[in-house]
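One file, target-v1.cif, carrying mmCIF, C-alpha atoms:
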data_model
#
loop_
_atom_site.label_atom_id
_atom_site.label_comp_id
_atom_site.auth_asym_id
_atom_site.auth_seq_id
_atom_site.Cartn_x
_atom_site.Cartn_y
_atom_site.Cartn_z
CA MET A 1298 0.00 0.00 0.00
CA GLU A 1299 1.15 3.50 -0.73
CA ARG A 1300 2.66 5.53 2.06
CA THR A 1301 0.11 8.36 1.91
CA THR A 1302 -2.97 6.13 2.04
CA LEU A 1303 -1.36 4.22 4.87
CA ASP A 1304 -0.79 7.43 6.79
CA LEU A 1305 -4.34 8.51 6.07
CA TRP A 1306 -5.87 5.32 7.44
CA VAL A 1307 -3.70 5.35 10.54
CA GLY A 1308 -4.64 8.99 11.05
CA ILE A 1309 -8.33 8.12 10.78
CA PHE A 1310 -7.85 5.29 13.26
CA VAL A 1311 -6.05 7.41 15.82
CA VAL A 1312 -8.51 10.29 15.52
CA ALA A 1313 -11.47 7.89 15.83
CA GLY A 1314 -9.92 6.32 18.93
CA ILE A 1315 -9.29 9.66 20.58
CA ALA A 1316 -12.79 10.83 19.62
CA ALA A 1317 -14.22 7.72 21.29
CA LEU A 1318 -12.19 8.49 24.40
CA VAL A 1319 -13.40 12.09 24.45
CA MET A 1320 -16.97 10.87 23.99
CA LEU A 1321 -16.54 8.49 26.92
CA ALA A 1322 -15.18 11.34 29.02
CA MET A 1323 -17.76 13.95 28.07
CA LYS A 1324 -20.96 12.18 27.19
CA VAL A 1325 -20.67 9.01 29.29
CA GLY A 1326 -18.49 10.25 32.13
CA ASN A 1327 -18.82 13.35 34.20
CA LEU A 1328 -15.88 15.38 32.96
CA SER A 1329 -18.19 17.97 31.41
CA THR A 1330 -19.90 18.52 34.76
CA TYR A 1331 -16.67 18.63 36.71
CA ASN A 1332 -16.53 21.45 39.18
CA VAL A 1333 -13.74 23.70 38.13
CA SER A 1334 -15.16 26.66 40.02
CA GLU A 1335 -13.82 27.48 43.44
CA THR A 1336 -15.32 25.87 46.48
CA TYR A 1337 -15.50 26.46 50.19
CA GLN A 1338 -15.75 23.91 52.96
CA VAL A 1339 -18.39 23.62 55.61
CA HIS A 1340 -19.15 20.77 57.95
CA ALA A 1341 -22.14 19.41 59.80
CA TYR A 1342 -22.76 16.81 62.49
CA PHE A 1343 -25.38 14.14 61.97
CA ASP A 1344 -26.68 11.54 64.41
CA ASN A 1345 -26.91 8.97 61.66
CA ILE A 1346 -25.85 9.36 58.05
CA GLY A 1347 -27.42 6.12 56.81
CA GLY A 1348 -25.84 5.21 53.49
CA LEU A 1349 -24.28 8.56 52.66
CA LYS A 1350 -20.94 8.22 50.90
CA PRO A 1351 -18.10 10.58 50.01
CA LYS A 1352 -18.73 12.37 46.70
CA ALA A 1353 -22.48 12.26 47.29
CA SER A 1354 -24.18 15.31 45.89
CA ILE A 1355 -25.41 18.28 47.88
CA LYS A 1356 -28.54 19.88 46.53
CA SER A 1357 -30.51 22.95 47.32
CA ALA A 1358 -33.91 23.27 45.69
CA GLY A 1359 -32.84 20.32 43.54
CA VAL A 1360 -29.80 22.13 42.16
CA LEU A 1361 -26.38 20.54 42.60
CA VAL A 1362 -24.35 22.96 44.73
CA GLY A 1363 -21.51 20.79 46.01
CA ARG A 1364 -20.22 17.40 47.02
CA VAL A 1365 -19.46 15.55 50.23
CA THR A 1366 -15.68 15.39 50.62
CA GLU A 1367 -15.15 13.52 53.86
CA ILE A 1368 -17.09 11.57 56.44
CA THR A 1369 -15.55 10.88 59.86
CA LEU A 1370 -16.81 9.89 63.28
CA ASP A 1371 -16.28 12.48 65.98
CA SER A 1372 -14.80 10.51 68.86
CA THR A 1373 -16.08 12.79 71.63
CA THR A 1374 -19.71 13.18 70.62
CA TYR A 1375 -20.00 9.99 68.55
CA LYS A 1376 -21.68 11.86 65.79
CA ALA A 1377 -20.82 11.65 62.12
CA LYS A 1378 -18.92 14.67 60.90
CA VAL A 1379 -19.63 15.33 57.24
CA THR A 1380 -17.35 17.75 55.47
CA MET A 1381 -18.70 19.18 52.25
CA SER A 1382 -17.34 21.52 49.65
CA LEU A 1383 -19.84 23.97 48.22
CA ASP A 1384 -19.58 26.05 45.10
CA LYS A 1385 -18.36 29.60 45.86
CA ARG A 1386 -21.13 31.01 43.70
CA TYR A 1387 -23.74 29.82 46.16
CA GLN A 1388 -23.81 31.35 49.63
CA PHE A 1389 -26.14 30.06 52.30
CA PRO A 1390 -27.47 31.77 55.44
CA LYS A 1391 -26.10 30.71 58.81
CA ASP A 1392 -29.24 28.92 59.91
CA THR A 1393 -29.40 26.64 56.87
CA PHE A 1394 -30.99 23.29 57.53
CA ALA A 1395 -29.13 20.21 56.26
CA ASN A 1396 -30.96 16.93 55.96
CA ILE A 1397 -30.07 13.64 54.36
CA ASN A 1398 -32.57 12.74 51.68
CA THR A 1399 -32.95 9.72 49.48
CA ALA A 1400 -33.42 9.90 45.75
CA GLY A 1401 -36.41 7.66 45.16
CA LEU A 1402 -37.43 4.96 47.61
CA LEU A 1403 -34.18 2.97 47.51
CA GLY A 1404 -31.97 5.37 45.59
CA GLU A 1405 -28.71 6.89 46.66
CA GLN A 1406 -28.60 9.42 49.44
CA TYR A 1407 -27.74 13.08 49.17
CA ILE A 1408 -27.71 16.12 51.40
CA GLY A 1409 -30.45 18.66 50.89
CA LEU A 1410 -29.89 22.23 52.09
CA ASN A 1411 -32.89 24.33 53.09
CA PRO A 1412 -31.83 27.95 53.53
CA GLY A 1413 -33.04 29.70 56.64
CA GLY A 1414 -33.72 33.40 57.14
CA ASP A 1415 -30.52 34.61 58.79
CA THR A 1416 -28.93 37.73 57.31
CA GLU A 1417 -25.39 36.44 57.86
CA ASN A 1418 -23.98 33.84 55.55
CA LEU A 1419 -22.09 30.64 56.37
CA ALA A 1420 -18.40 31.34 56.66
CA PRO A 1421 -15.83 29.05 55.03
CA ASN A 1422 -15.04 26.18 57.43
CA GLY A 1423 -18.24 27.06 59.25
CA GLU A 1424 -20.67 24.61 60.72
CA ILE A 1425 -24.23 23.86 59.76
CA LYS A 1426 -25.85 23.49 63.17
CA ARG A 1427 -29.32 22.36 62.23
CA THR A 1428 -29.27 18.89 60.77
CA GLN A 1429 -31.62 16.00 60.35
CA SER A 1430 -30.43 12.41 60.14
CA ALA A 1431 -31.00 9.98 57.37
CA MET A 1432 -34.27 8.19 57.22
CA VAL A 1433 -33.43 4.56 57.93
CA LEU A 1434 -35.98 2.30 56.36
CA GLU A 1435 -35.66 -0.40 59.04
CA ASP A 1436 -36.45 2.12 61.81
CA LEU A 1437 -39.51 3.29 59.95
CA ILE A 1438 -40.75 -0.26 59.50
CA GLY A 1439 -40.03 -0.93 63.18
CA LYS A 1440 -42.04 2.14 64.23
CA PHE A 1441 -44.87 1.12 61.97
CA ILE A 1442 -44.99 -2.38 63.46
CA TYR A 1443 -44.95 -1.01 67.04
CA SER A 1444 -47.73 1.41 66.29
CA LYS A 1445 -49.76 -1.42 64.79
CA ALA A 1446 -49.15 -3.56 67.85
CA GLU A 1447 -50.32 -0.81 70.18
CA GLU A 1448 -53.64 -0.55 68.42
CA PRO A 1449 -56.37 -2.37 70.33
CA ALA A 1450 -57.35 -5.63 68.72
CA LYS A 1451 -60.72 -5.58 67.12
CA MET S 1092 10.77 -45.96 39.71
CA PRO S 1093 7.55 -44.37 38.45
CA VAL S 1094 7.53 -41.80 41.30
CA ALA S 1095 10.99 -40.58 40.42
CA ARG S 1096 9.99 -40.35 36.76
CA THR S 1097 6.91 -38.28 37.56
CA LEU S 1098 8.94 -36.00 39.79
CA ARG S 1099 11.56 -35.64 37.10
CA GLY S 1100 8.82 -34.71 34.63
CA ILE S 1101 7.45 -32.04 36.95
CA GLY S 1102 10.95 -30.74 37.54
CA ARG S 1103 11.71 -30.51 33.85
CA ARG S 1104 8.48 -28.67 33.10
CA THR S 1105 9.11 -26.19 35.90
CA ILE S 1106 12.62 -25.50 34.70
CA ASP S 1107 11.34 -25.07 31.14
CA ALA S 1108 8.65 -22.65 32.28
CA VAL S 1109 11.10 -20.56 34.31
CA TRP S 1110 13.53 -20.63 31.40
CA ARG S 1111 10.87 -19.31 29.03
CA ILE S 1112 9.79 -16.61 31.45
CA GLY S 1113 13.40 -15.53 31.74
CA LEU S 1114 13.79 -15.49 27.95
CA ALA S 1115 10.59 -13.46 27.55
CA THR S 1116 11.78 -10.95 30.14
CA ARG S 1117 15.13 -10.53 28.37
CA PHE S 1118 13.22 -10.17 25.11
CA PHE S 1119 11.05 -7.44 26.66
CA ALA S 1120 14.11 -5.64 27.99
CA GLN S 1121 15.73 -5.78 24.56
CA ILE S 1122 12.60 -4.35 22.92
CA LEU S 1123 12.62 -1.43 25.34
CA LEU S 1124 16.35 -0.97 24.77
CA TYR S 1125 16.00 -0.74 20.98
CA SER S 1126 12.75 1.27 21.01
CA GLY S 1127 14.62 4.52 20.54
CA ASN S 1128 15.64 3.43 17.06
CA SER S 1129 12.11 2.63 15.97
CA PHE S 1130 10.78 5.92 17.27
CA ARG S 1131 13.29 7.71 15.11
CA ARG S 1132 11.96 5.79 12.11
CA PHE S 1133 8.33 6.39 12.93
CA HIS S 1134 6.96 5.21 9.60
CA LEU S 1135 7.76 1.65 10.66
CA ILE S 1136 5.39 2.05 13.61
CA VAL S 1137 2.80 3.69 11.36
CA ARG S 1138 2.84 0.70 9.04
CA GLU S 1139 2.33 -1.66 11.95
CA LEU S 1140 -0.39 0.59 13.35
CA PHE S 1141 -2.18 0.02 10.07
CA SER S 1142 -2.01 -3.75 10.24
CA THR S 1143 -2.80 -4.06 13.96
CA GLY S 1144 -5.05 -1.06 14.57
CA VAL S 1145 -6.81 -0.14 11.36
CA MET S 1146 -7.39 -3.73 10.28
CA SER S 1147 -8.94 -4.52 13.68
CA LEU S 1148 -11.33 -1.57 13.43
CA ILE S 1149 -14.21 -3.39 11.80
CA ILE S 1150 -14.26 -6.37 14.16
CA ILE S 1151 -13.97 -4.05 17.20
CA VAL S 1152 -16.71 -1.70 16.05
CA VAL S 1153 -19.14 -4.47 15.10
CA ALA S 1154 -18.43 -6.52 18.23
CA GLY S 1155 -18.79 -3.44 20.44
CA LEU S 1156 -22.10 -2.52 18.87
CA PHE S 1157 -23.53 -5.99 19.37
CA VAL S 1158 -22.19 -6.42 22.91
CA GLY S 1159 -23.79 -3.10 23.81
CA MET S 1160 -27.07 -4.13 22.23
CA VAL S 1161 -27.12 -7.42 24.13
CA LEU S 1162 -26.28 -5.59 27.35
CA GLY S 1163 -29.15 -3.22 26.67
CA LEU S 1164 -31.62 -6.06 26.14
CA GLN S 1165 -30.51 -8.19 29.07
CA GLY S 1166 -30.10 -5.23 31.39
CA TYR S 1167 -33.57 -4.00 30.55
CA GLU S 1168 -35.09 -7.41 31.28
CA THR S 1169 -33.48 -7.50 34.73
CA LEU S 1170 -33.90 -3.85 35.67
CA LYS S 1171 -37.57 -3.91 34.65
CA ARG S 1172 -38.29 -6.24 37.58
CA TYR S 1173 -37.17 -3.56 40.02
CA GLY S 1174 -38.80 -0.76 38.11
CA SER S 1175 -35.50 0.98 37.50
CA GLU S 1176 -35.24 0.86 33.73
CA SER S 1177 -33.84 4.38 33.80
CA ALA S 1178 -30.63 2.95 35.29
CA LEU S 1179 -30.05 1.06 32.04
CA GLY S 1180 -27.56 3.67 30.85
CA VAL S 1181 -25.56 3.34 34.06
CA MET S 1182 -25.43 -0.44 33.76
CA VAL S 1183 -24.41 -0.45 30.11
CA ALA S 1184 -21.82 2.30 30.49
CA LEU S 1185 -20.20 1.01 33.69
CA GLY S 1186 -20.10 -2.56 32.41
CA LEU S 1187 -18.48 -1.49 29.18
CA VAL S 1188 -16.08 1.15 30.43
CA ARG S 1189 -14.81 -0.83 33.40
CA GLU S 1190 -14.79 -4.40 32.16
CA LEU S 1191 -16.18 -5.43 28.83
CA GLY S 1192 -14.53 -2.72 26.77
CA PRO S 1193 -10.94 -3.44 27.79
CA VAL S 1194 -11.35 -7.22 28.19
CA VAL S 1195 -13.36 -8.13 25.09
CA ALA S 1196 -11.40 -5.71 22.93
CA ALA S 1197 -8.17 -7.26 24.20
CA LEU S 1198 -9.44 -10.80 23.54
CA LEU S 1199 -10.43 -9.81 20.01
CA PHE S 1200 -7.13 -8.02 19.57
CA ALA S 1201 -5.23 -11.12 20.71
CA SER S 1202 -6.97 -13.36 18.21
CA ARG S 1203 -7.07 -10.83 15.38
CA ALA S 1204 -3.73 -9.01 15.61
CA GLY S 1205 -1.71 -11.11 18.06
CA SER S 1206 -2.01 -14.34 16.08
CA ALA S 1207 -1.10 -12.49 12.88
CA MET S 1208 1.97 -11.04 14.54
CA THR S 1209 3.12 -14.45 15.77
CA ALA S 1210 2.58 -16.11 12.40
CA GLU S 1211 4.36 -13.31 10.56
CA ILE S 1212 7.43 -13.31 12.76
CA GLY S 1213 7.48 -17.10 13.04
CA LEU S 1214 7.41 -17.40 9.27
CA MET S 1215 10.11 -14.77 8.91
CA LYS S 1216 12.20 -16.90 11.22
CA ALA S 1217 11.35 -20.13 9.37
CA THR S 1218 12.32 -18.61 6.04
CA GLU S 1219 15.52 -17.30 7.63
CA GLN S 1220 14.73 -13.65 6.95
CA ILE S 1221 15.68 -12.84 10.53
CA SER S 1222 19.07 -14.54 10.18
CA ALA S 1223 19.58 -12.66 6.91
CA MET S 1224 18.95 -9.39 8.71
CA GLU S 1225 21.46 -10.27 11.37
CA MET S 1226 23.98 -11.05 8.62
CA MET S 1227 23.42 -7.57 7.22
CA ALA S 1228 24.06 -6.11 10.68
CA VAL S 1229 20.44 -5.02 10.96
CA ASN S 1230 19.11 -5.68 14.42
CA PRO S 1231 15.88 -7.65 13.91
CA ILE S 1232 14.55 -6.57 17.30
CA ALA S 1233 14.90 -2.91 16.43
CA ARG S 1234 13.68 -3.33 12.84
CA ILE S 1235 10.86 -5.87 13.19
CA VAL S 1236 9.87 -6.45 16.79
CA ALA S 1237 9.97 -3.03 18.49
CA PRO S 1238 7.72 -1.24 15.93
CA ARG S 1239 5.13 -3.99 16.29
CA PHE S 1240 5.31 -3.74 20.05
CA TRP S 1241 4.69 -0.01 20.09
CA ALA S 1242 1.95 -0.30 17.50
CA GLY S 1243 0.17 -2.81 19.74
CA VAL S 1244 0.62 -0.71 22.86
CA ILE S 1245 -0.69 2.41 21.12
CA SER S 1246 -3.62 0.83 19.33
CA MET S 1247 -5.02 -1.25 22.19
CA PRO S 1248 -6.36 1.64 24.36
CA LEU S 1249 -7.79 3.32 21.25
CA LEU S 1250 -9.53 0.11 20.21
CA ALA S 1251 -10.91 -0.43 23.71
CA ALA S 1252 -12.24 3.14 23.80
CA LEU S 1253 -13.87 2.62 20.41
CA PHE S 1254 -15.37 -0.64 21.65
CA SER S 1255 -16.85 1.02 24.73
CA ALA S 1256 -18.17 3.99 22.77
CA MET S 1257 -19.80 1.73 20.21
CA GLY S 1258 -21.21 -0.42 23.01
CA VAL S 1259 -22.80 2.57 24.71
CA PHE S 1260 -24.27 3.54 21.38
CA GLY S 1261 -25.60 -0.01 20.90
CA GLY S 1262 -27.14 0.05 24.36
CA TYR S 1263 -28.68 3.42 23.54
CA PHE S 1264 -30.08 2.05 20.30
CA VAL S 1265 -31.76 -0.95 21.92
CA GLY S 1266 -32.75 0.76 25.18
CA VAL S 1267 -33.93 4.16 24.03
CA VAL S 1268 -34.74 3.85 20.34
CA GLN S 1269 -36.28 0.37 20.36
CA ILE S 1270 -37.63 -0.29 23.85
CA GLY S 1271 -38.34 3.30 24.74
CA VAL S 1272 -36.42 4.02 27.95
CA ASP S 1273 -36.47 7.73 28.66
CA GLU S 1274 -33.59 9.33 26.80
CA GLY S 1275 -32.91 12.07 29.34
CA SER S 1276 -32.59 9.73 32.29
CA PHE S 1277 -30.55 7.27 30.23
CA TRP S 1278 -27.82 9.85 29.63
CA SER S 1279 -28.07 11.90 32.81
CA GLN S 1280 -27.98 8.91 35.16
CA MET S 1281 -25.06 7.57 33.18
CA GLN S 1282 -23.18 10.85 33.53
CA ALA S 1283 -23.96 11.02 37.22
CA ALA S 1284 -22.67 7.51 37.88
CA VAL S 1285 -19.63 7.22 35.61
CA ASP S 1286 -16.63 9.00 37.03
CA PHE S 1287 -13.98 10.09 34.57
CA ARG S 1288 -10.94 9.28 36.66
CA HIS S 1289 -12.25 6.30 38.56
CA ASP S 1290 -14.03 4.52 35.73
CA VAL S 1291 -12.90 5.78 32.33
CA MET S 1292 -9.23 6.25 33.09
CA ASN S 1293 -8.97 2.94 34.94
CA GLY S 1294 -10.47 1.26 31.87
CA VAL S 1295 -7.88 2.94 29.67
CA LEU S 1296 -5.12 1.85 32.05
CA LYS S 1297 -6.42 -1.72 31.91
CA SER S 1298 -6.42 -1.78 28.13
CA PHE S 1299 -2.92 -0.33 28.12
CA VAL S 1300 -1.71 -3.20 30.33
CA PHE S 1301 -3.55 -5.75 28.19
CA GLY S 1302 -2.08 -4.27 25.03
CA THR S 1303 1.43 -4.56 26.43
CA VAL S 1304 0.95 -8.13 27.61
CA VAL S 1305 -0.77 -9.42 24.46
CA THR S 1306 1.81 -7.86 22.16
CA ILE S 1307 4.73 -9.17 24.20
CA ILE S 1308 3.28 -12.69 24.24
CA ALA S 1309 2.55 -12.61 20.50
CA LEU S 1310 5.99 -11.28 19.58
CA PHE S 1311 7.83 -13.63 21.89
CA GLU S 1312 5.96 -16.69 20.69
CA GLY S 1313 6.72 -15.73 17.11
CA TYR S 1314 10.36 -15.01 17.79
CA ASP S 1315 10.74 -18.18 19.81
CA ALA S 1316 8.81 -20.47 17.43
CA PRO S 1317 10.60 -23.54 16.04
CA PRO S 1318 11.33 -22.70 12.38
CA THR S 1319 8.96 -25.28 10.93
CA ALA S 1320 5.39 -25.18 9.66
CA GLU S 1321 4.29 -27.12 12.72
CA GLY S 1322 6.24 -24.85 15.02
CA VAL S 1323 4.61 -21.70 13.62
CA SER S 1324 1.12 -23.15 13.89
CA GLY S 1325 1.78 -24.26 17.47
CA ALA S 1326 3.16 -20.83 18.37
CA THR S 1327 0.08 -19.12 16.90
CA THR S 1328 -2.22 -21.32 18.97
CA ARG S 1329 -0.15 -20.69 22.10
CA THR S 1330 -0.34 -16.93 21.52
CA VAL S 1331 -4.13 -16.94 21.50
CA VAL S 1332 -4.45 -19.31 24.46
CA THR S 1333 -1.78 -17.73 26.65
CA SER S 1334 -2.77 -14.15 25.98
CA SER S 1335 -6.47 -14.86 26.54
CA LEU S 1336 -5.72 -16.48 29.88
CA ALA S 1337 -3.31 -13.70 30.78
CA ILE S 1338 -5.93 -11.06 29.96
CA LEU S 1339 -8.59 -12.70 32.12
CA MET S 1340 -6.27 -13.31 35.08
CA LEU S 1341 -4.72 -9.85 34.91
CA ASP S 1342 -8.19 -8.39 34.66
CA PHE S 1343 -9.10 -9.94 37.98
CA ILE S 1344 -5.94 -8.62 39.61
CA LEU S 1345 -6.33 -5.15 38.14
CA THR S 1346 -10.02 -5.01 39.08
CA ALA S 1347 -9.21 -6.04 42.64
CA MET S 1348 -6.57 -3.31 42.83
CA MET S 1349 -8.69 -0.59 41.21
CA PHE S 1350 -12.21 -1.21 42.42
CA GLY S 1351 -11.87 -3.80 45.19
CA GLY S 1352 -12.73 -2.75 48.70
CA SER S 1353 -14.12 0.65 47.83
#

How does the structure come out when it is put into structure tokens?
Amino acid sequence: MERTTLDLWVGIFVVAGIAALVMLAMKVGNLSTYNVSETYQVHAYFDNIGGLKPKASIKSAGVLVGRVTEITLDSTTYKAKVTMSLDKRYQFPKDTFANINTAGLLGEQYIGLNPGGDTENLAPNGEIKRTQSAMVLEDLIGKFIYSKAEEPAK
Amino acid sequence: MPVARTLRGIGRRTIDAVWRIGLATRFFAQILLYSGNSFRRFHLIVRELFSTGVMSLIIIVVAGLFVGMVLGLQGYETLKRYGSESALGVMVALGLVRELGPVVAALLFASRAGSAMTAEIGLMKATEQISAMEMMAVNPIARIVAPRFWAGVISMPLLAALFSAMGVFGGYFVGVVQIGVDEGSFWSQMQAAVDFRHDVMNGVLKSFVFGTVVTIIALFEGYDAPPTAEGVSGATTRTVVTSSLAILMLDFILTAMMFGGS
């Protein structure tokens, strides 16, 4: 085969391979939604985080505003300390309410932020004081069964 | 003594195996040593890229499309039971990017390009072309083997990426176009679940390792083949068998290192 056609075909091959890789990165993966904007850290203490994992999303009014960066257990209070990085563009009042929600009935868990009415905003490395733990399905079922048992038999 | 004979047989096989591993390692080291030469004459690599990469395009693209379509069908059947058909995109994409893309592409590559490499080099050896080169003071490793090695290493990740991309497209075709899964959730759930570094780049790394291993095995078997018709055919078979097994075993090890325990 002639040198130029050979080069052409190899060029097509390499470009197609790189295009496939870019497609995997952009369309299949999350590179296009990667946070390049600056972030600030806040943390919150929860009694029970359920199935929350690092890199879980943080949403306010359904909009993705940040991600969970670290989850540790505070050894003095035995509460879960969740560190999250929020997008600098979004500022939240000091009395923001953080609760762990579940996407769908059995879906993955995320943190929902409900802004309060305070005039001051959360400082970087600040703490979200008002939190609500994850809804644990087993506890709910347990409560339901107890409440059924307490009902007088008919 | 039959016991002594059996033991002697085991001993001989072990020594042979170690001997061959040692030879293959020296061969690998020599390839790396003479790679500089073949990068200076890049058109040699380009020609090999044509015969390993471009000629494997059709089989990779078609196989990827069909694997993706089967994944779409089977995944839909299973996910439907739990009412989570919208996670079809996640299943297809993760399965392809993490596992099926690199592994199946490497298996196809081993049987399509690896066997051809072994047969070519084995026949060159049988017809004494390699000895002729040595007589002309041309290093056969630098002239013949190293360009093929680099062509294999370069083309394998590209082929695996093409395989995965075509597979995702095949899953999209069956899931969204034919069955009617919601298109928005198909793509958005996929994007939410597939991480670029953790999933895509680890898949690329896997295919890079597979490419290296398959090419080394193919080249070594060819270079080491007895210079007879029987020898070349045996070496070609060994290439396919050994590299397929190596791919599957390495895949387990790599998966355990990349995704295990997290």

Could you please tell me, as a list in words, which residues of chain S have an atom within 6 Å of chain A when using only C-alpha atoms?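 That gives Phe1141, Val1145, Leu1249, Ala1252, Leu1253, Ala1256, Gln1282, Val1285, Asp1286 and Phe1287 of chain S for chain S.
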
Give as a list in words the residues that the PyMOL selection byres ((chain S and resi 1328-1337) around 9) matches when applied to the coordinates above.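 Against this file, the PyMOL selection byres ((chain S and resi 1328-1337) around 9) returns the residues Ala1197, Leu1198, Ala1201, Ser1202, Gly1205, Ser1206, Thr1209, Phe1301, Val1304, Val1305, Thr1306, Ile1308, Ala1309, Leu1310, Phe1311, Glu1312, Gly1313, Val1323, Ser1324, Gly1325, Ala1326, Thr1327, Ile1338, Leu1339, Met1340, Leu1341 and Asp1342 of chain S.
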
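Counting from CA of Leu1156 in chain S, the distance to CA of Met1257 in chain S is 5.0 Å.
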
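For the point (-20.2, 27.1, 60.6), the residues with at least one atom inside 9 Å, counting all atoms listed in the file, are Val1339, His1340, Ala1341, Lys1391, Leu1419, Ala1420, Pro1421, Asn1422, Gly1423, Glu1424, Ile1425 and Lys1426 of chain A.
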
Pull C-alpha atoms from the residues just selected and write them as a PDB file, in the coordinates of the input.
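This went into out25.pdb:
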ATOM      1  CA  VAL A1339     -18.390  23.620  55.610  1.00  0.00           C
ATOM      2  CA  HIS A1340     -19.150  20.770  57.950  1.00  0.00           C
ATOM      3  CA  ALA A1341     -22.140  19.410  59.800  1.00  0.00           C
ATOM      4  CA  LYS A1391     -26.100  30.710  58.810  1.00  0.00           C
ATOM      5  CA  LEU A1419     -22.090  30.640  56.370  1.00  0.00           C
ATOM      6  CA  ALA A1420     -18.400  31.340  56.660  1.00  0.00           C
ATOM      7  CA  PRO A1421     -15.830  29.050  55.030  1.00  0.00           C
ATOM      8  CA  ASN A1422     -15.040  26.180  57.430  1.00  0.00           C
ATOM      9  CA  GLY A1423     -18.240  27.060  59.250  1.00  0.00           C
ATOM     10  CA  GLU A1424     -20.670  24.610  60.720  1.00  0.00           C
ATOM     11  CA  ILE A1425     -24.230  23.860  59.760  1.00  0.00           C
ATOM     12  CA  LYS A1426     -25.850  23.490  63.170  1.00  0.00           C
TER      13      LYS A1426
END

With a distance cut-off of 9 Å and only C-alpha atoms, select the neighbouring residues of range 1364-1373 of chain A, excluding the residue or stretch itself and same-chain residues fewer than 3 positions from it, and output the selection as a list in words.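 Here the answer would be Gln1338, Tyr1342, Leu1349, Lys1350, Pro1351, Lys1352, Ala1353, Ser1354, Ile1355, Lys1356, Leu1361, Lys1376, Ala1377, Lys1378, Val1379, Thr1380, Met1381, Ser1382, Leu1383, Asp1384, Tyr1407 and Ile1408 of chain A.
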
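Of note, CA of Arg1111 in chain S and CA of Ala1204 in chain S are spaced 22.3 Å apart.
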